[in-house]
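A.B. asks: Input file: start08.cif. Contents: mmCIF, C-alpha atoms.
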data_run
#
loop_
_atom_site.label_atom_id
_atom_site.label_comp_id
_atom_site.auth_asym_id
_atom_site.auth_seq_id
_atom_site.Cartn_x
_atom_site.Cartn_y
_atom_site.Cartn_z
CA MET A 1 -4.75 31.64 15.03
CA GLN A 2 -1.89 29.56 16.37
CA GLN A 3 -2.61 25.85 16.81
CA GLN A 4 -1.70 23.92 19.90
CA TYR A 5 -0.14 20.51 19.46
CA VAL A 6 -0.20 18.09 22.35
CA SER A 7 1.56 14.78 22.72
CA VAL A 8 -1.20 12.21 22.64
CA SER A 9 0.45 9.94 25.16
CA ARG A 10 0.14 12.67 27.80
CA VAL A 11 -3.41 13.79 27.12
CA GLU A 12 -4.94 11.68 29.85
CA GLU A 13 -2.21 12.68 32.32
CA ARG A 14 -2.78 16.37 31.66
CA ARG A 15 -6.51 16.04 32.21
CA ALA A 16 -5.90 14.23 35.48
CA GLU A 17 -3.54 16.98 36.63
CA GLU A 18 -6.08 19.70 35.78
CA VAL A 19 -8.72 18.15 38.03
CA GLY A 20 -6.20 17.22 40.71
CA VAL A 21 -6.54 13.46 40.36
CA THR A 22 -3.41 11.38 40.74
CA ALA A 23 -4.86 7.90 41.20
CA GLU A 24 -5.24 5.64 38.20
CA ALA A 25 -8.67 5.37 36.67
CA PRO A 26 -10.50 2.04 37.03
CA PRO A 27 -10.13 -0.30 34.06
CA LYS A 28 -12.76 0.13 31.39
CA ALA A 29 -15.26 -2.66 31.03
CA LYS A 30 -14.57 -4.95 28.10
CA GLU A 31 -17.06 -4.28 25.36
CA LEU A 32 -18.52 -6.99 23.17
CA ARG A 33 -17.13 -6.91 19.66
CA TYR A 34 -19.30 -7.24 16.62
CA VAL A 35 -16.34 -8.69 14.67
CA ARG A 36 -13.45 -10.19 16.61
CA LYS A 37 -9.82 -9.48 15.81
CA GLU A 38 -9.37 -12.75 13.94
CA GLY A 39 -12.37 -11.94 11.73
CA HIS A 40 -15.11 -14.13 13.20
CA CYS A 41 -18.45 -12.52 13.99
CA SER A 42 -19.80 -12.65 17.54
CA VAL A 43 -23.28 -13.59 16.36
CA VAL A 44 -25.31 -16.63 17.44
CA PHE A 45 -28.54 -17.65 15.71
CA ARG A 46 -31.43 -18.95 17.76
CA HIS A 47 -34.72 -20.64 16.78
CA VAL A 48 -33.93 -20.83 13.08
CA PRO A 49 -36.92 -22.43 11.30
CA GLU A 50 -36.08 -25.90 9.98
CA GLU A 51 -32.45 -25.51 10.93
CA TRP A 52 -31.53 -29.19 10.64
CA LEU A 53 -33.27 -29.42 7.28
CA LEU A 54 -31.16 -26.55 5.98
CA PHE A 55 -27.97 -28.25 7.11
CA VAL A 56 -28.93 -31.57 5.55
CA THR A 57 -30.00 -29.96 2.28
CA ASP A 58 -26.57 -28.34 1.90
CA ILE A 59 -24.67 -31.26 3.38
CA PHE A 60 -21.45 -30.53 1.46
CA THR A 61 -21.10 -26.99 2.86
CA THR A 62 -22.08 -28.28 6.29
CA LEU A 63 -19.29 -30.85 6.29
CA VAL A 64 -16.78 -28.29 5.01
CA GLU A 65 -17.63 -25.86 7.83
CA ILE A 66 -17.61 -28.34 10.73
CA ARG A 67 -14.54 -29.04 12.85
CA TRP A 68 -11.94 -31.56 11.83
CA ARG A 69 -12.62 -33.90 14.73
CA VAL A 70 -16.33 -33.99 13.96
CA MET A 71 -15.61 -34.60 10.29
CA PHE A 72 -13.26 -37.50 11.08
CA LEU A 73 -15.90 -39.01 13.36
CA ILE A 74 -18.56 -38.74 10.64
CA PHE A 75 -16.32 -40.27 7.99
CA ALA A 76 -15.29 -43.15 10.25
CA LEU A 77 -18.90 -43.84 11.11
CA SER A 78 -19.87 -43.75 7.43
CA TYR A 79 -17.42 -46.56 6.63
CA ILE A 80 -18.17 -48.63 9.73
CA LEU A 81 -21.93 -48.33 9.29
CA SER A 82 -21.69 -49.32 5.62
CA TRP A 83 -19.63 -52.40 6.54
CA PHE A 84 -22.11 -53.28 9.25
CA PHE A 85 -25.14 -52.75 6.99
CA PHE A 86 -23.87 -54.98 4.18
CA GLY A 87 -22.59 -57.50 6.72
CA VAL A 88 -26.15 -57.84 8.00
CA LEU A 89 -27.36 -58.37 4.41
CA PHE A 90 -24.78 -61.12 3.82
CA TRP A 91 -25.74 -62.73 7.14
CA VAL A 92 -29.41 -62.73 6.14
CA VAL A 93 -28.54 -64.21 2.73
CA ALA A 94 -26.49 -66.96 4.41
CA LEU A 95 -29.30 -67.76 6.83
CA ALA A 96 -31.92 -67.86 4.06
CA HIS A 97 -29.77 -70.11 1.89
CA GLY A 98 -28.82 -72.44 4.73
CA ASP A 99 -25.08 -71.75 4.62
CA VAL A 100 -24.92 -71.17 8.38
CA ASN A 101 -26.23 -74.63 9.31
CA GLY A 102 -23.85 -76.38 6.91
CA ASN A 103 -26.60 -78.48 5.33
CA THR A 104 -25.70 -77.52 1.76
CA ASN A 105 -22.96 -78.89 -0.42
CA ASP A 106 -19.98 -76.84 -1.49
CA THR A 107 -21.45 -76.45 -4.96
CA ASP A 108 -24.73 -75.04 -3.58
CA VAL A 109 -23.17 -72.57 -1.07
CA CYS A 110 -24.09 -68.91 -1.66
CA VAL A 111 -21.21 -67.34 0.30
CA TYR A 112 -18.21 -69.48 1.23
CA GLU A 113 -16.97 -69.59 4.84
CA VAL A 114 -19.78 -67.39 6.18
CA ARG A 115 -21.29 -69.33 9.08
CA SER A 116 -21.64 -66.49 11.64
CA PHE A 117 -22.36 -62.78 11.79
CA THR A 118 -18.69 -62.05 12.44
CA ALA A 119 -17.73 -63.86 9.28
CA ALA A 120 -20.40 -61.94 7.35
CA PHE A 121 -19.06 -58.62 8.71
CA LEU A 122 -15.50 -59.53 7.75
CA PHE A 123 -16.64 -60.51 4.25
CA SER A 124 -18.36 -57.14 3.88
CA LEU A 125 -15.20 -55.29 5.03
CA GLU A 126 -12.95 -57.31 2.70
CA THR A 127 -15.28 -56.72 -0.23
CA GLN A 128 -15.57 -52.95 0.26
CA THR A 129 -11.86 -52.42 0.91
CA THR A 130 -10.84 -54.93 -1.81
CA ILE A 131 -8.62 -56.87 0.59
CA GLY A 132 -9.53 -60.43 -0.47
CA TYR A 133 -7.85 -62.85 1.96
CA GLY A 134 -8.94 -65.85 -0.12
CA PHE A 135 -11.01 -67.77 2.46
CA ARG A 136 -14.39 -66.13 1.96
CA GLY A 137 -16.00 -65.64 -1.38
CA MET A 138 -19.20 -65.60 -3.34
CA SER A 139 -20.40 -68.36 -5.59
CA GLU A 140 -22.11 -68.01 -8.91
CA ASN A 141 -25.14 -69.96 -7.77
CA CYS A 142 -26.60 -67.07 -5.65
CA MET A 143 -27.90 -64.13 -7.65
CA VAL A 144 -28.95 -62.21 -4.52
CA ALA A 145 -25.40 -62.21 -3.15
CA ILE A 146 -24.08 -60.97 -6.52
CA VAL A 147 -26.52 -58.04 -6.47
CA VAL A 148 -25.57 -57.14 -2.87
CA VAL A 149 -21.84 -57.17 -3.68
CA THR A 150 -22.43 -54.96 -6.73
CA VAL A 151 -24.42 -52.41 -4.75
CA GLN A 152 -21.77 -52.37 -2.02
CA ASP A 153 -19.02 -51.62 -4.53
CA VAL A 154 -20.97 -48.71 -5.99
CA VAL A 155 -21.73 -47.29 -2.53
CA SER A 156 -18.07 -47.64 -1.59
CA CYS A 157 -17.04 -45.54 -4.61
CA PHE A 158 -19.52 -42.82 -3.63
CA ILE A 159 -18.27 -42.73 -0.04
CA ASP A 160 -14.62 -42.50 -1.14
CA THR A 161 -15.36 -39.69 -3.59
CA PHE A 162 -17.37 -37.77 -1.03
CA VAL A 163 -14.73 -38.10 1.68
CA ILE A 164 -11.84 -37.09 -0.59
CA GLY A 165 -13.79 -34.08 -1.93
CA ILE A 166 -14.67 -32.87 1.55
CA VAL A 167 -11.09 -33.20 2.81
CA VAL A 168 -9.63 -31.35 -0.19
CA ALA A 169 -12.25 -28.57 0.04
CA LYS A 170 -11.66 -28.20 3.76
CA MET A 171 -7.89 -28.04 3.36
CA ALA A 172 -8.22 -25.44 0.58
CA SER A 173 -10.75 -23.43 2.55
CA ALA A 174 -10.58 -19.64 2.21
CA ARG A 175 -10.39 -19.31 5.98
CA LYS A 176 -7.01 -21.01 6.05
CA ARG A 177 -5.64 -18.74 3.32
CA ALA A 178 -7.10 -15.73 5.10
CA GLN A 179 -4.92 -16.47 8.12
CA THR A 180 -1.82 -15.67 6.04
CA VAL A 181 -3.09 -12.13 5.34
CA GLY A 182 -3.03 -9.97 8.45
CA PHE A 183 -3.95 -6.51 9.67
CA SER A 184 -2.07 -4.31 12.10
CA HIS A 185 -3.10 -4.52 15.74
CA CYS A 186 -4.14 -0.86 15.79
CA ALA A 187 -5.20 1.98 13.52
CA VAL A 188 -3.62 5.45 13.60
CA VAL A 189 -4.71 9.03 12.97
CA ASN A 190 -2.17 11.47 11.54
CA LEU A 191 -1.74 14.25 9.00
CA ARG A 192 -1.29 13.49 5.31
CA ASP A 193 -1.06 16.21 2.70
CA GLY A 194 -2.60 18.67 5.15
CA PHE A 195 -5.61 16.45 6.02
CA LEU A 196 -6.39 14.30 9.03
CA CYS A 197 -6.39 10.66 7.94
CA LEU A 198 -7.31 7.35 9.55
CA SER A 199 -5.10 4.50 8.36
CA TRP A 200 -4.24 0.89 9.11
CA ARG A 201 -1.83 -1.62 7.63
CA VAL A 202 -2.44 -4.90 5.78
CA GLY A 203 0.16 -7.39 4.60
CA ASP A 204 0.52 -10.84 3.06
CA PHE A 205 2.84 -13.20 4.92
CA ARG A 206 3.30 -15.53 1.93
CA ARG A 207 5.58 -14.95 -1.03
CA ASN A 208 3.02 -15.59 -3.77
CA HIS A 209 1.15 -12.48 -4.88
CA LEU A 210 -2.55 -11.75 -4.66
CA VAL A 211 -4.80 -10.68 -7.51
CA GLU A 212 -7.39 -7.88 -7.48
CA GLY A 213 -7.18 -6.89 -3.83
CA THR A 214 -9.90 -4.50 -2.65
CA ALA A 215 -10.00 -2.81 0.76
CA ARG A 216 -13.22 -1.73 2.44
CA ALA A 217 -14.15 -0.31 5.83
CA GLN A 218 -17.39 0.28 7.70
CA LEU A 219 -18.24 2.01 10.95
CA VAL A 220 -20.59 -0.24 12.94
CA ARG A 221 -22.66 1.23 15.76
CA ALA A 222 -24.94 -0.81 18.03
CA THR A 223 -27.58 1.20 19.90
CA VAL A 224 -29.45 -0.49 22.75
CA HIS A 225 -32.77 1.10 23.66
CA ALA A 226 -34.45 1.02 27.04
CA THR A 227 -36.98 -1.49 25.72
CA GLY A 228 -34.20 -3.91 24.81
CA LYS A 229 -34.31 -3.20 21.10
CA VAL A 230 -30.93 -3.16 19.39
CA ASP A 231 -30.27 -1.12 16.25
CA VAL A 232 -27.14 -1.89 14.26
CA THR A 233 -26.13 0.77 11.73
CA TYR A 234 -23.42 0.61 9.09
CA GLU A 235 -21.59 3.61 7.62
CA ASP A 236 -19.14 3.20 4.76
CA LEU A 237 -15.76 4.91 4.86
CA LEU A 238 -14.27 6.21 1.64
CA ILE A 239 -10.89 4.58 1.05
CA GLN A 240 -8.14 6.36 -0.85
CA GLN A 241 -6.76 3.92 -3.45
CA SER A 242 -8.89 0.97 -2.38
CA HIS A 243 -7.52 -1.33 -5.11
CA VAL A 244 -4.19 -2.66 -3.86
CA VAL A 245 -1.66 -5.06 -5.35
CA LEU A 246 -0.41 -6.61 -2.13
CA VAL A 247 3.17 -7.39 -3.11
CA THR A 248 4.50 -5.53 -0.08
CA PRO A 249 2.58 -4.42 3.02
CA ALA A 250 0.28 -1.50 2.25
CA THR A 251 -1.22 1.23 4.40
CA ILE A 252 -4.95 1.70 3.82
CA CYS A 253 -5.92 5.35 4.25
CA HIS A 254 -9.27 7.07 4.85
CA ARG A 255 -9.21 10.85 4.54
CA ILE A 256 -11.40 12.48 7.20
CA GLN A 257 -13.25 15.04 5.12
CA PRO A 258 -16.85 16.34 4.86
CA GLY A 259 -19.16 13.35 4.58
CA SER A 260 -17.03 11.11 6.77
CA PRO A 261 -18.56 9.81 10.04
CA LEU A 262 -15.37 10.93 11.82
CA TYR A 263 -15.39 14.50 10.46
CA ARG A 264 -16.69 16.10 13.67
CA MET A 265 -14.87 13.74 16.05
CA SER A 266 -11.94 15.08 18.07
CA LEU A 267 -9.58 13.16 20.32
CA ALA A 268 -11.84 13.66 23.34
CA ASP A 269 -14.87 12.53 21.33
CA LEU A 270 -12.99 9.48 20.10
CA ARG A 271 -12.15 8.31 23.60
CA GLY A 272 -15.82 8.43 24.60
CA ALA A 273 -17.28 7.09 21.35
CA ALA A 274 -18.98 3.72 21.02
CA PHE A 275 -18.36 2.27 17.59
CA GLU A 276 -16.39 -0.45 15.86
CA LEU A 277 -14.33 -0.02 12.72
CA VAL A 278 -14.67 -3.19 10.61
CA ALA A 279 -11.95 -3.44 7.96
CA SER A 280 -11.91 -6.11 5.26
CA PHE A 281 -9.63 -7.05 2.39
CA THR A 282 -11.04 -9.14 -0.47
CA TYR A 283 -8.63 -10.72 -2.92
CA THR A 284 -8.05 -13.62 -5.31
CA ASP A 285 -5.20 -16.04 -4.79
CA ASP A 286 -3.13 -16.49 -7.94
CA SER A 287 -2.16 -20.07 -6.96
CA THR A 288 -5.67 -21.49 -6.58
CA GLY A 289 -7.83 -18.79 -8.21
CA MET A 290 -10.13 -18.80 -5.17
CA LEU A 291 -11.72 -15.70 -3.71
CA HIS A 292 -10.75 -14.91 -0.12
CA GLN A 293 -11.59 -12.25 2.43
CA THR A 294 -9.76 -11.25 5.59
CA ARG A 295 -11.52 -9.19 8.25
CA THR A 296 -10.68 -7.48 11.51
CA SER A 297 -12.07 -4.72 13.71
CA TYR A 298 -10.80 -1.76 15.72
CA THR A 299 -12.43 -0.25 18.78
CA PRO A 300 -11.90 3.42 19.76
CA ASP A 301 -9.23 2.32 22.24
CA GLU A 302 -7.29 0.70 19.38
CA VAL A 303 -7.29 3.89 17.28
CA LEU A 304 -4.10 5.76 18.22
CA TRP A 305 -4.26 9.53 17.70
CA GLY A 306 -0.98 11.11 16.71
CA GLN A 307 0.81 7.94 15.64
CA LEU A 308 2.49 6.91 12.39
CA PHE A 309 3.44 3.45 11.14
CA GLN A 310 7.15 2.87 10.93
CA GLU A 311 8.76 2.17 7.60
CA MET A 312 9.46 -1.52 7.10
CA ILE A 313 10.69 -1.62 3.48
CA ARG A 314 14.38 -1.26 2.69
CA VAL A 315 16.04 -1.29 -0.73
CA SER A 316 19.13 -3.41 -1.32
CA ARG A 317 21.12 -3.99 -4.47
CA ARG A 318 18.95 -6.84 -5.70
CA HIS A 319 15.77 -6.89 -3.60
CA TYR A 320 13.24 -4.90 -1.63
CA ARG A 321 13.59 -6.14 1.93
CA VAL A 322 10.48 -6.21 4.13
CA ASP A 323 11.02 -6.38 7.89
CA TYR A 324 7.83 -7.78 9.42
CA THR A 325 9.06 -7.11 12.95
CA LEU A 326 7.99 -3.49 12.35
CA PHE A 327 4.56 -4.41 10.96
CA HIS A 328 2.70 -3.34 14.14
CA HIS A 329 5.15 -0.67 15.34
CA THR A 330 4.18 3.01 15.38
CA ALA A 331 5.93 6.29 16.16
CA LYS A 332 4.57 9.46 17.74
CA VAL A 333 3.98 12.55 15.62
CA LEU A 334 2.52 15.97 16.31
CA VAL A 335 -1.17 16.08 15.43
CA PRO A 336 -3.79 18.63 16.56
CA GLU A 337 -6.26 17.07 18.96
CA VAL A 338 -9.21 18.91 17.42
CA SER A 339 -11.63 17.41 14.93
CA ALA A 340 -11.10 17.54 11.19
CA GLU A 341 -13.87 20.12 10.87
CA GLN A 342 -12.22 22.48 13.38
CA TYR A 343 -8.84 21.89 11.77
CA GLU A 344 -10.20 22.90 8.35
CA HIS A 345 -11.74 26.08 9.83
CA LYS A 346 -8.41 27.01 11.38
CA LYS A 347 -6.62 26.48 8.10
CA GLN A 348 -9.11 28.69 6.26
CA SER A 349 -8.93 31.46 8.87
CA ARG A 350 -5.14 31.50 8.77
CA PRO A 351 -3.81 34.43 6.63
CA SER A 352 -2.23 33.46 3.38
CA PRO A 353 1.52 34.22 2.98
CA ARG A 354 0.83 35.91 -0.38
CA HIS A 355 -1.33 38.59 1.28
CA SER A 356 0.69 38.86 4.46
CA PRO A 357 1.86 42.45 5.25
CA ARG A 358 5.28 41.12 6.21
CA SER A 359 5.94 39.57 2.85
CA SER A 360 4.75 42.55 0.76
CA PRO A 361 7.35 45.31 0.10
CA ARG A 362 6.94 48.65 1.84
CA PRO A 363 5.36 51.18 -0.52
CA SER A 364 7.48 54.17 -1.53
CA PRO A 365 6.20 57.56 -0.29
CA ARG A 366 6.80 59.10 -3.72
CA LEU A 367 4.58 56.52 -5.52
CA SER A 368 1.92 56.24 -2.86
CA PRO A 369 -1.46 57.44 -4.14
CA ARG A 370 -2.27 58.72 -0.66
CA ARG A 371 0.41 61.51 -0.90
CA PRO A 372 -0.67 63.82 -3.76
CA ASP A 373 1.50 66.68 -2.40
CA LEU A 374 4.68 64.66 -2.97
CA ARG A 375 3.63 63.88 -6.53
CA GLN A 376 3.06 67.60 -7.17
CA ASP A 377 6.49 68.54 -5.81
CA LEU A 378 8.09 65.90 -7.98
CA ARG A 379 6.44 67.25 -11.13
CA GLN A 380 7.59 70.79 -10.30
CA ASP A 381 11.18 69.64 -9.80
CA LEU A 382 11.20 67.86 -13.15
CA HIS A 383 9.96 70.99 -15.05
CA GLN A 384 12.67 73.28 -13.69
CA ASP A 385 15.46 74.82 -15.88
CA PRO A 386 17.98 72.16 -16.87
CA ARG A 387 20.84 74.63 -16.21
CA GLN A 388 20.01 74.70 -12.52
CA ASP A 389 20.91 72.19 -9.83
CA LEU A 390 19.26 69.10 -11.26
CA LEU A 391 20.91 69.33 -14.69
CA LYS A 392 23.87 71.62 -13.97
CA LEU A 393 27.11 70.33 -15.47
CA PRO A 394 30.50 70.91 -13.85
CA ALA A 395 32.71 73.69 -15.29
CA LEU A 396 35.71 72.68 -17.39
CA THR A 397 39.15 74.30 -17.50
CA VAL A 398 40.91 74.46 -20.89
CA GLU A 399 44.61 75.25 -21.30
CA LEU A 400 46.01 76.44 -24.67
CA VAL A 401 49.55 75.30 -24.98
CA THR A 402 51.92 76.94 -27.48
CA ASP A 403 55.51 76.39 -28.23
CA HIS A 404 56.83 79.25 -26.15
CA GLN A 405 54.39 80.15 -23.37
CA THR A 406 51.33 79.01 -21.58
CA GLN A 407 48.18 81.12 -21.55
CA PRO A 408 46.15 81.41 -18.40
CA THR A 409 43.17 79.11 -17.97
CA VAL A 410 39.74 80.54 -18.57
CA PRO A 411 36.54 78.89 -17.36
CA MET A 412 34.16 78.14 -20.22
CA SER A 413 30.47 77.99 -20.25
CA LEU A 414 28.33 75.35 -21.98
CA GLU A 415 27.81 77.42 -25.14
CA ASP A 416 31.56 78.10 -25.42
CA ARG A 417 32.39 74.45 -25.14
CA GLN A 418 29.92 73.57 -27.90
CA GLU A 419 31.33 76.30 -30.18
CA SER A 420 34.86 75.13 -29.55
CA SER A 421 33.98 71.59 -30.42
CA ARG A 422 32.35 72.74 -33.66
CA LEU A 423 35.44 74.70 -34.68
CA GLU A 424 37.74 71.78 -34.07
CA VAL A 425 35.70 69.64 -36.38
#
Would you mind writing the structure in this file as structure tokens?

C.D. replies:
Amino acid sequence: MQQQYVSVSRVEERRAEEVGVTAEAPPKAKELRYVRKEGHCSVVFRHVPEEWLLFVTDIFTTLVEIRWRVMFLIFALSYILSWFFFGVLFWVVALAHGDVNGNTNDTDVCVYEVRSFTAAFLFSLETQTTIGYGFRGMSENCMVAIVVVTVQDVVSCFIDTFVIGIVVAKMASARKRAQTVGFSHCAVVNLRDGFLCLSWRVGDFRRNHLVEGTARAQLVRATVHATGKVDVTYEDLLIQQSHVVLVTPATICHRIQPGSPLYRMSLADLRGAAFELVASFTYTDDSTGMLHQTRTSYTPDEVLWGQLFQEMIRVSRRHYRVDYTLFHHTAKVLVPEVSAEQYEHKKQSRPSPRHSPRSSPRPSPRLSPRRPDLRQDLRQDLHQDPRQDLLKLPALTVELVTDHQTQPTVPMSLEDRQESSRLEV
């Protein structure tokens, strides 16, 4: 059976011409993605039990995940509140010791030059930041002030360590490294080694290599029932060569074969399907040793049937050159618009060239087993007298030449020729 190949870019135009419609179809409503193109999930949690308690319990992860502006606000408040808190303590100590009224001598003062709350706040700031202007200080006659200064120094060390750790962890976050590993804007369906395959491209935009890269893909379907219930199902796609060393951009391929969710899906079924292809790439960065994951998703409209990614690697004398301007570019190829199941049936029903009547030689009528009369005639011809037509030798003419005259030529038979040869010997 001869297959029909159709240019995918004209499929919709052909269908419109068949039904006599020339106007453009209305734009399709934008569907909600389960995973957005940049990898974030469109999921919001509501009424989580003890939500604030969970955030406070894991305060380090909470501060790493919040926005930078919120983190800067929290860190600034932590310093200002600590200065204010210990400033209040120094103000209370000065009031209790009588330093504010100035009734004590210089030898009995607990904190020098602290006669107002502003002065107490400045002394707390200078102590925690180790500025030390030289006007305000603590005397050795007040044990309470010594204890407060010691506690403030310890708390200051904890705040500095916590702030520096959060900033470093946030700057080295896996999300930032994941932004340097990207997927192609679309996925393509084409033929590879005689099979329909779904493929997409992934590449690393940095020069340092990745370690132990693993590609995965899932088909996510969300079914909304009339009662409002939503069922989300996940189907794994088998990836050919899922372990990738991402030195150069690689094309991740899924062969559409029996067992694949796309095995019975043709081009027409793909355009009307409601699913989301979630692709992920998990890897380890060789610079930091941290585990990262980059995600993206493709809707049926972003799966191009009959397209092929353009080659973007060129070989020079010293290097392999990668042109990232062609990372998202595709080219059209001829691909049957039927499903992989129908394509396999057509391949199996197609006659093999080895058994084709055109390629086999035409049988000889003498050796054909269906013509026994010809075989009988051939046997009879072979058993005939060898002196007849089949084995008859041509007659020879022998001339006997003497010194004086020539005798006439006489035709000789086969027996005469043999006798003559014997006599000559």

A.B. asks: Return the single residue from A:Ala268, A:Val155, A:Cys197, A:Leu210 that is closest to Gln240 (chain A), with distances computed using only C-alpha atoms.

C.D. replies: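 Closest to Gln240 (chain A) of all the choices is A:Cys197.
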
A.B. asks: Which value, in Å to one decimal, gives the distance between CA of Thr180 (chain A) and CA of Thr294 (chain A)?

C.D. replies: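 Separation between CA of Thr180 (chain A) and CA of Thr294 (chain A): 9.1 Å.
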
A.B. asks: What would the selection look like, as a PDB file with C-alpha atoms, in the coordinates of the input, if the PyMOL selection byres ((chain A and resi 246) around 10) were run on the coordinates I just shared?

C.D. replies:
ATOM      1  CA  VAL A 181      -3.090 -12.130   5.340  1.00  0.00           C
ATOM      2  CA  VAL A 202      -2.440  -4.900   5.780  1.00  0.00           C
ATOM      3  CA  GLY A 203       0.160  -7.390   4.600  1.00  0.00           C
ATOM      4  CA  ASP A 204       0.520 -10.840   3.060  1.00  0.00           C
ATOM      5  CA  ASN A 208       3.020 -15.590  -3.770  1.00  0.00           C
ATOM      6  CA  HIS A 209       1.150 -12.480  -4.880  1.00  0.00           C
ATOM      7  CA  LEU A 210      -2.550 -11.750  -4.660  1.00  0.00           C
ATOM      8  CA  VAL A 211      -4.800 -10.680  -7.510  1.00  0.00           C
ATOM      9  CA  GLU A 212      -7.390  -7.880  -7.480  1.00  0.00           C
ATOM     10  CA  GLY A 213      -7.180  -6.890  -3.830  1.00  0.00           C
ATOM     11  CA  THR A 214      -9.900  -4.500  -2.650  1.00  0.00           C
ATOM     12  CA  HIS A 243      -7.520  -1.330  -5.110  1.00  0.00           C
ATOM     13  CA  VAL A 244      -4.190  -2.660  -3.860  1.00  0.00           C
ATOM     14  CA  VAL A 245      -1.660  -5.060  -5.350  1.00  0.00           C
ATOM     15  CA  VAL A 247       3.170  -7.390  -3.110  1.00  0.00           C
ATOM     16  CA  THR A 248       4.500  -5.530  -0.080  1.00  0.00           C
ATOM     17  CA  PRO A 249       2.580  -4.420   3.020  1.00  0.00           C
ATOM     18  CA  ALA A 250       0.280  -1.500   2.250  1.00  0.00           C
ATOM     19  CA  TYR A 283      -8.630 -10.720  -2.920  1.00  0.00           C
TER      20      TYR A 283
END

A.B. asks: Need the shell around Ala96 (chain A): protein/DNA/RNA residues with any atom at most 12 Å away, counting all atoms listed in the file. Skip same-chain ones fewer than 5 positions apart. Format as a PyMOL selection string?

C.D. replies: chain A and resi 89-91+101+103-104+109-111+115+142+144-145

A.B. asks: Using only C-alpha atoms, which residues sit within 12 Å of Ile164 (chain A) once same-chain residues fewer than 5 positions away are excluded, as a list in words?

C.D. replies: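 Near Ile164 (chain A), the qualifying residues are Phe60, Leu63, Val64, Met71, Phe72, Phe75, Cys157, Phe158, Ile159, Ala169, Lys170 and Met171 of chain A.
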
A.B. asks: Report, in Å with one decimal, the straight-line distance from CA of Tyr34 (chain A) to CA of Thr62 (chain A).

C.D. replies: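 Straight-line distance from CA of Tyr34 (chain A) to CA of Thr62 (chain A) works out to 23.6 Å.
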
A.B. asks: From the list A:His329, A:Gly87, A:Arg295, A:Phe117, which residue is nearest Val100 (chain A) when using only C-alpha atoms?

C.D. replies: A:Phe117

A.B. asks: Using the chain letters and numbering of this document, enumerate as a PyMOL selection string the residues selected by the PyMOL selection byres ((chain A and resi 291) around 12).

C.D. replies: chain A and resi 172-175+177-178+210-214+281-290+292-294

A.B. asks: Using only C-alpha atoms, pick whichever of A:Ala226, A:Leu326, A:Ala274, A:Val188 has the shortest atom-to-atom distance to Gln307 (chain A).

C.D. replies: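 Counting only C-alpha atoms, the residue closest to Gln307 (chain A) is A:Val188.
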
A.B. asks: Taking the file above as input, evaluate the PyMOL selection byres ((chain A and resi 84) around 10) and report the hits as a PyMOL selection string.

C.D. replies: chain A and resi 78-83+85-90+117-118+120-122+124-125

A.B. asks: Using all atoms listed in the file, find the one residue out of A:Ala217, A:Val335, A:Met265, A:Leu198 that sits nearest to Cys186 (chain A).

C.D. replies: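 Under the stated criterion, the closest residue is A:Leu198.
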
A.B. asks: Neighbours of Phe327 (chain A) within 8 Å (all atoms listed in the file; same-chain residues fewer than 4 positions away dropped), as a list of chain:residue names?

C.D. replies: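 Surrounding residues, per the criterion: A:Ser184, A:Arg201, A:Phe309, A:Gln310, A:Met312, A:Asp323.
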
A.B. asks: By how many Å are CA of Val189 (chain A) and CA of Pro261 (chain A) apart?

C.D. replies: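 Answer for the CA of Val189 (chain A) to CA of Pro261 (chain A) separation: 14.2 Å.
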
A.B. asks: May I ask which of the residues A:Val148, A:Thr233, A:Glu113, A:Val168 is the closest one to Gln128 (chain A), counting all atoms listed in the file?

C.D. replies: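 Selected residue with least distance to Gln128 (chain A): A:Val148.
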
A.B. asks: If I put a ball of radius 10 Å at (-9.6, 13.9, 11.6) in the file's coordinates, which residues poke into it when counting all atoms listed in the file, written as a PyMOL selection string?

C.D. replies: chain A and resi 189-191+195-198+254-257+260-267+305+335-344

A.B. asks: So that I can see what lies close to Tyr298 (chain A), please list as an MDAnalysis selection string the residues with an atom at most 12 Å from it, counting all atoms listed in the file and leaving out residues fewer than 4 positions away in the same chain.

C.D. replies: chainID A and resid 31:39 183:188 198:200 217:220 274:280 302:304

A.B. asks: I'd like to know which of A:Gly272, A:Gly137, A:Gly228, A:Gly132 is closest to Val114 (chain A), using only C-alpha atoms.

C.D. replies: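 Looking at the shortest contact to Val114 (chain A), the residue is A:Gly137.
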